[in-house]
$ cat data_14.txt   # compact mmCIF, C-alpha atoms
# COMPACT_ATOMS: atom_id res chain seq x y z
CA MET A 2 81.01 -126.68 -132.08
CA SER A 3 77.98 -128.76 -131.44
CA CYS A 4 76.88 -131.69 -133.50
CA ASN A 5 73.34 -131.47 -134.64
CA LYS A 6 69.98 -129.99 -133.89
CA GLU A 7 68.55 -133.21 -132.63
CA ILE A 8 71.05 -133.51 -129.81
CA ILE A 9 70.56 -129.86 -128.86
CA LYS A 10 66.85 -130.45 -128.78
CA LEU A 11 67.42 -133.32 -126.38
CA MET A 12 69.47 -131.01 -124.15
CA HIS A 13 66.57 -128.60 -123.93
CA LYS A 14 64.13 -131.39 -123.28
CA TYR A 15 66.43 -132.55 -120.52
CA LEU A 16 66.40 -129.06 -119.00
CA ASP A 17 62.62 -129.02 -119.25
CA GLU A 18 62.52 -132.41 -117.54
CA GLU A 19 60.79 -133.94 -120.50
CA LEU A 20 63.26 -136.60 -121.62
CA SER A 21 62.14 -140.18 -121.97
CA ILE A 22 64.48 -142.90 -120.72
CA THR A 23 65.55 -143.80 -124.26
CA GLU A 24 66.23 -140.18 -125.11
CA GLU A 25 68.21 -139.73 -121.94
CA LYS A 26 70.41 -142.73 -122.83
CA LYS A 27 70.93 -141.32 -126.29
CA LEU A 28 71.93 -137.91 -124.93
CA ARG A 29 74.25 -139.41 -122.34
CA SER A 30 76.10 -141.64 -124.75
CA HIS A 31 76.45 -138.82 -127.25
CA LEU A 32 77.80 -136.42 -124.62
CA GLN A 33 80.38 -138.99 -123.59
CA SER A 34 81.78 -139.12 -127.08
CA CYS A 35 81.45 -135.50 -128.21
CA GLN A 36 83.42 -132.65 -126.66
CA GLY A 37 81.55 -129.97 -128.63
CA CYS A 38 78.18 -131.06 -127.31
CA GLN A 39 79.59 -131.46 -123.82
CA ASP A 40 80.66 -127.79 -123.93
CA HIS A 41 77.31 -126.72 -125.29
CA PHE A 42 75.52 -128.65 -122.57
CA ARG A 43 77.75 -127.23 -119.85
CA GLU A 44 77.09 -123.69 -121.08
CA LEU A 45 73.36 -124.32 -121.04
CA THR A 46 73.27 -125.70 -117.51
CA ARG A 47 75.47 -122.84 -116.34
CA THR A 48 73.16 -120.31 -117.99
CA VAL A 49 70.22 -121.85 -116.17
CA ALA A 50 72.12 -121.65 -112.87
CA LEU A 51 72.92 -117.97 -113.50
CA LEU A 52 69.31 -117.21 -114.35
CA LYS A 53 68.14 -118.85 -111.15
CA SER A 54 70.48 -116.83 -108.95
CA SER A 55 68.08 -114.07 -108.10
CA SER A 56 68.75 -113.93 -104.37
CA ASN A 57 69.79 -110.28 -104.55
CA MET A 58 66.49 -109.25 -105.97
CA GLN A 59 64.26 -108.25 -103.11
CA PRO A 60 61.59 -105.64 -102.73
CA SER A 61 61.93 -102.91 -100.12
CA THR A 62 61.37 -103.82 -96.46
CA SER A 63 58.25 -101.65 -96.44
CA PHE A 64 56.71 -103.51 -99.38
CA THR A 65 53.88 -105.26 -97.52
CA ALA A 66 53.11 -102.18 -95.43
CA ASN A 67 52.91 -100.07 -98.59
CA VAL A 68 50.54 -102.49 -100.26
CA MET A 69 48.35 -102.67 -97.18
CA SER A 70 48.14 -98.90 -96.84
CA ASN A 71 47.18 -98.55 -100.50
CA LEU A 72 44.31 -101.02 -100.44
CA PRO A 73 40.84 -99.56 -100.81
CA LYS A 74 39.28 -99.00 -97.40
CA GLU A 75 37.19 -101.76 -95.89
CA LYS A 76 33.52 -101.00 -95.97
CA LYS A 77 32.69 -99.64 -92.57
CA HIS A 78 29.28 -99.88 -91.00
CA LEU A 79 27.60 -96.55 -90.63
CA SER A 80 28.27 -95.37 -87.13
CA TYR A 81 25.27 -93.14 -86.92
CA ILE A 82 21.62 -93.45 -87.74
CA ARG A 83 19.64 -90.57 -89.12
CA MET D 14 51.70 -123.63 -97.00
CA ASP D 15 49.17 -123.79 -99.81
CA GLU D 16 46.51 -124.63 -97.24
CA LYS D 17 47.43 -121.63 -95.13
CA ILE D 18 47.17 -119.32 -98.13
CA ARG D 19 43.85 -120.88 -99.10
CA LEU D 20 42.51 -120.10 -95.66
CA LYS D 21 43.78 -116.51 -95.82
CA ILE D 22 42.15 -115.99 -99.21
CA ARG D 23 38.84 -117.20 -97.80
CA GLN D 24 39.17 -114.69 -94.98
CA VAL D 25 39.95 -111.88 -97.43
CA LYS D 26 36.90 -112.82 -99.46
CA LYS D 27 34.80 -112.56 -96.32
CA GLY D 28 36.00 -109.00 -95.90
CA ASP D 29 38.95 -109.44 -93.57
CA GLN D 30 41.44 -107.07 -95.14
CA SER D 31 44.18 -107.82 -92.60
CA ALA D 32 44.33 -111.44 -93.77
CA PHE D 33 45.71 -110.15 -97.05
CA GLU D 34 48.89 -109.05 -95.30
CA ASP D 35 50.14 -112.64 -94.96
CA VAL D 36 49.37 -113.29 -98.61
CA VAL D 37 51.46 -110.29 -99.65
CA THR D 38 54.32 -111.23 -97.34
CA PHE D 39 54.31 -114.77 -98.64
CA TYR D 40 54.40 -113.90 -102.35
CA GLN D 41 56.12 -110.51 -102.43
CA ASP D 42 59.61 -111.76 -103.32
CA LYS D 43 58.43 -113.92 -106.21
CA VAL D 44 56.13 -111.30 -107.68
CA TYR D 45 58.81 -108.65 -107.34
CA GLN D 46 61.44 -110.89 -108.95
CA ILE D 47 59.21 -111.78 -111.87
CA CYS D 48 58.48 -108.09 -112.51
CA TYR D 49 62.15 -107.23 -112.09
CA ARG D 50 63.25 -109.83 -114.63
CA MET D 51 60.83 -108.30 -117.11
CA VAL D 52 61.48 -104.58 -116.61
CA GLY D 53 65.07 -104.67 -115.37
CA ASN D 54 64.62 -101.83 -112.95
CA ALA D 55 64.14 -102.02 -109.18
CA TYR D 56 61.84 -98.99 -108.80
CA GLU D 57 59.52 -100.03 -111.55
CA ALA D 58 59.49 -103.65 -110.41
CA GLU D 59 58.46 -102.54 -106.92
CA ASP D 60 55.72 -100.33 -108.30
CA LEU D 61 54.38 -103.06 -110.59
CA ALA D 62 54.51 -105.71 -107.89
CA GLN D 63 52.56 -103.47 -105.50
CA GLU D 64 50.00 -102.71 -108.16
CA ALA D 65 49.64 -106.44 -108.87
CA PHE D 66 48.79 -107.15 -105.23
CA ILE D 67 46.33 -104.28 -105.09
CA ARG D 68 44.58 -105.56 -108.22
CA ALA D 69 44.52 -109.07 -106.81
CA TYR D 70 42.86 -107.72 -103.68
CA VAL D 71 40.31 -105.64 -105.57
CA ASN D 72 39.43 -108.59 -107.82
CA ILE D 73 39.68 -111.31 -105.20
CA HIS D 74 36.06 -112.36 -105.77
CA SER D 75 36.85 -113.38 -109.32
CA PHE D 76 39.49 -115.81 -108.06
CA ASP D 77 38.25 -119.38 -108.15
CA ASP D 78 39.27 -121.08 -104.89
CA LYS D 79 39.71 -124.41 -106.59
CA ARG D 80 42.61 -123.09 -108.64
CA LYS D 81 46.12 -122.28 -107.62
CA PHE D 82 46.35 -118.77 -106.22
CA SER D 83 49.92 -118.17 -107.42
CA THR D 84 48.95 -118.92 -111.03
CA TRP D 85 46.23 -116.29 -110.80
CA LEU D 86 48.46 -113.77 -109.03
CA PHE D 87 51.35 -114.23 -111.46
CA ARG D 88 48.98 -113.78 -114.36
CA ILE D 89 47.91 -110.41 -112.96
CA ALA D 90 51.55 -109.42 -112.42
CA THR D 91 52.77 -110.46 -115.86
CA ASN D 92 49.80 -108.88 -117.67
CA LEU D 93 50.32 -105.65 -115.81
CA THR D 94 54.03 -105.67 -116.59
CA ILE D 95 53.56 -106.51 -120.27
CA ASP D 96 51.05 -103.66 -120.48
CA ARG D 97 53.44 -101.25 -118.82
CA ILE D 98 56.27 -102.21 -121.17
CA ARG D 99 53.98 -101.62 -124.15
CA LYS D 100 53.03 -98.16 -122.99
CA LYS D 101 56.51 -97.36 -121.94
CA LYS D 102 57.75 -93.84 -121.95
CA PRO D 103 61.49 -93.08 -121.87
CA ASP D 104 62.62 -94.69 -118.75
CA TYR D 105 64.98 -94.51 -115.85
CA PHE D 106 67.27 -97.49 -115.58
CA LEU D 107 69.69 -98.37 -112.84
CA ASP D 108 72.69 -97.49 -114.92
CA ALA D 109 71.15 -94.31 -116.23
CA GLU D 110 72.38 -90.99 -114.89
CA VAL D 111 70.24 -89.39 -112.26
CA ARG D 112 69.29 -85.95 -113.44
CA GLY D 113 71.31 -83.17 -111.87
CA THR D 114 73.79 -85.42 -110.08
CA ASP D 115 76.70 -84.97 -112.46
CA GLY D 116 77.36 -88.53 -113.47
CA LEU D 117 76.15 -90.24 -110.34
CA ASP D 118 74.11 -93.24 -111.26
CA MET D 119 71.51 -95.04 -109.20
CA TYR D 120 74.04 -97.69 -108.25
CA SER D 121 76.38 -95.26 -106.56
CA GLN D 122 73.42 -93.91 -104.63
CA LEU D 123 72.30 -97.33 -103.56
CA ALA D 124 75.84 -98.22 -102.60
CA ASN D 125 76.15 -95.11 -100.43
CA GLU D 126 72.95 -95.81 -98.68
CA ASN D 127 73.77 -99.37 -97.93
CA PRO D 128 77.43 -100.39 -98.09
CA LEU D 129 77.96 -103.96 -99.18
CA PRO D 130 80.90 -106.33 -98.71
CA GLU D 131 83.06 -106.75 -101.78
CA GLU D 132 81.88 -110.17 -102.80
CA GLU D 133 78.29 -109.01 -102.72
CA LEU D 134 79.16 -106.02 -104.85
CA GLU D 135 80.73 -108.41 -107.29
CA SER D 136 77.65 -110.52 -107.41
CA LEU D 137 75.55 -107.39 -107.71
CA GLU D 138 77.60 -106.57 -110.79
CA LEU D 139 77.07 -110.07 -112.07
CA GLN D 140 73.36 -109.80 -111.40
CA SER D 141 73.22 -106.53 -113.23
CA TYR D 142 75.08 -108.05 -116.18
CA ILE D 143 72.72 -111.03 -116.31
CA GLN D 144 69.76 -108.67 -116.20
CA GLN D 145 71.20 -106.56 -119.03
CA GLN D 146 71.40 -109.66 -121.18
CA ILE D 147 67.81 -110.59 -120.35
CA MET D 148 66.73 -107.06 -121.26
CA SER D 149 68.21 -107.47 -124.70
CA LEU D 150 65.54 -110.09 -125.42
CA PRO D 151 61.99 -109.25 -126.53
CA THR D 152 59.32 -109.03 -123.79
CA LYS D 153 57.67 -112.29 -124.81
CA TYR D 154 60.90 -114.13 -123.97
CA ARG D 155 61.50 -112.19 -120.79
CA SER D 156 58.14 -113.09 -119.28
CA ILE D 157 58.74 -116.78 -119.87
CA ILE D 158 62.30 -116.61 -118.56
CA ALA D 159 61.06 -114.80 -115.47
CA LEU D 160 58.44 -117.45 -114.72
CA ARG D 161 60.65 -120.40 -115.56
CA PHE D 162 63.77 -119.37 -113.68
CA VAL D 163 62.57 -117.20 -110.82
CA ASP D 164 60.08 -119.72 -109.57
CA GLU D 165 60.67 -122.83 -111.67
CA ARG D 166 57.11 -122.92 -112.87
CA SER D 167 56.26 -125.90 -115.04
CA LEU D 168 55.78 -125.36 -118.77
CA ALA D 169 52.09 -126.16 -118.39
CA GLU D 170 51.68 -123.57 -115.68
CA ILE D 171 53.55 -120.92 -117.66
CA SER D 172 51.23 -121.67 -120.55
CA GLU D 173 48.27 -121.09 -118.23
CA ILE D 174 49.67 -117.93 -116.64
CA LEU D 175 50.54 -116.29 -119.96
CA ASN D 176 47.62 -117.80 -121.83
CA ILE D 177 49.73 -119.08 -124.71
CA PRO D 178 49.99 -122.63 -126.11
CA ILE D 179 52.47 -124.92 -124.41
CA GLY D 180 54.29 -125.52 -127.70
CA THR D 181 55.00 -121.80 -127.93
CA VAL D 182 56.22 -121.75 -124.33
CA LYS D 183 58.66 -124.56 -125.15
CA THR D 184 59.98 -122.89 -128.29
CA ARG D 185 60.50 -119.60 -126.49
CA ILE D 186 62.26 -121.21 -123.55
CA HIS D 187 64.59 -123.07 -125.89
CA ARG D 188 65.36 -119.99 -127.96
CA GLY D 189 65.71 -117.81 -124.90
CA ARG D 190 68.04 -120.29 -123.26
CA GLU D 191 70.18 -120.54 -126.40
CA ALA D 192 70.34 -116.76 -126.79
CA LEU D 193 71.37 -116.32 -123.17
CA ARG D 194 73.85 -119.17 -123.38
CA LYS D 195 75.71 -117.24 -126.03
CA LYS D 196 75.54 -114.01 -124.05
CA LEU D 197 76.51 -115.52 -120.70
CA ARG D 198 79.08 -118.11 -121.72
CA ASP D 199 82.02 -115.86 -120.85
CA VAL D 200 80.75 -114.72 -117.48

$ encode --input "data_14.txt" --output "structure tokens"
Amino acid sequence: MSCNKEIIKLMHKYLDEELSITEEKKLRSHLQSCQGCQDHFRELTRTVALLKSSSNMQPSTSFTANVMSNLPKEKKHLSYIR
Amino acid sequence: MDEKIRLKIRQVKKGDQSAFEDVVTFYQDKVYQICYRMVGNAYEAEDLAQEAFIRAYVNIHSFDDKRKFSTWLFRIATNLTIDRIRKKKPDYFLDAEVRGTDGLDMYSQLANENPLPEEELESLELQSYIQQQIMSLPTKYRSIIALRFVDERSLAEISEILNIPIGTVKTRIHRGREALRKKLRDV
């Protein structure tokens, strides 16, 4: 189990790249001494890694062609004069 | 690359439709992935992503060149997707049965069409599981998760794209991350 809300908040700030140097020292030294928070932190970083693994998600190969063929037609100049 | 896109956008604004092709090619994966993370369904994500590009094209004159194009484009895509989710009718999901196919789901159809090596299938399963867990969260969390983890957008940019205060973005990312930590810890 994790220690307290303040440390968890620091973990999230770390993941948001918003930790100050003092806060980072505090988080580091706490993690070194607390197994529960270490586990919590590991689970969080792993979750982030899983969420970033979106390499399988790709649109169809005809995506661009489909968009281009569905765009409204370019305004053409009149090719005849009354 | 930003400079190249900037140039293309200027050409599109001048009426050169073909210049838009490079813009679509450049951003299609990201836009598709953001939509996919929010709707959890490949067909709908494709449809939404295409619609987003078409709207961007139609409204290109309202895009301010001094701003970042992706911020503007992602805003169109997320608004469109949030709208669609709101109006949502009963829906077809990947794991839903295809009507009249006697238990065949979309996955088995996809797999037939395009056989994958085993490890990829495994990761496809993992991907589908991760997506299921994301889908169990409310839309307002999904949009932020999509922007933060598909393209690592900064909190400030997410706040701009979704037009919500940065404090709210932070809170939702923290809560979303905690919720998913619990759901994904045994994966």

$ interface_residues --input "data_14.txt" --of "chain A" --to "chain D" --cutoff "9 Å" --atoms "only C-alpha atoms" --output "ChimeraX atom specification"
/A:10,13-14,17,41,44-55,57-61,64-69,71-76

$ atom_distance --input "data_14.txt" --atom1 "CA of Lys81 in chain D" --atom2 "CA of Pro178 in chain D"
18.9 Å

$ residues_around --input "data_14.txt" --residues "range 86-97 of chain D" --least-positions-apart "4" --cutoff "7 Å" --atoms "only C-alpha atoms" --output "count of residues only"
11

$ residues_near_point --input "data_14.txt" --point "(72.8, -138.5, -127.6)" --cutoff "10 Å" --atoms "all atoms listed in the file" --output "list in words"
Cys4, Asn5, Glu7, Ile8, Ile9, Leu11, Met12, Thr23, Glu24, Glu25, Lys26, Lys27, Leu28, Arg29, Ser30, His31, Leu32, Gln33, Ser34, Cys35 and Cys38 of chain A

$ closest_residue --input "data_14.txt" --among "D:Leu160, D:Ser83, D:Ile73, D:Ile179" --to "Ile18 in chain D" --atoms "all atoms listed in the file"
D:Ser83
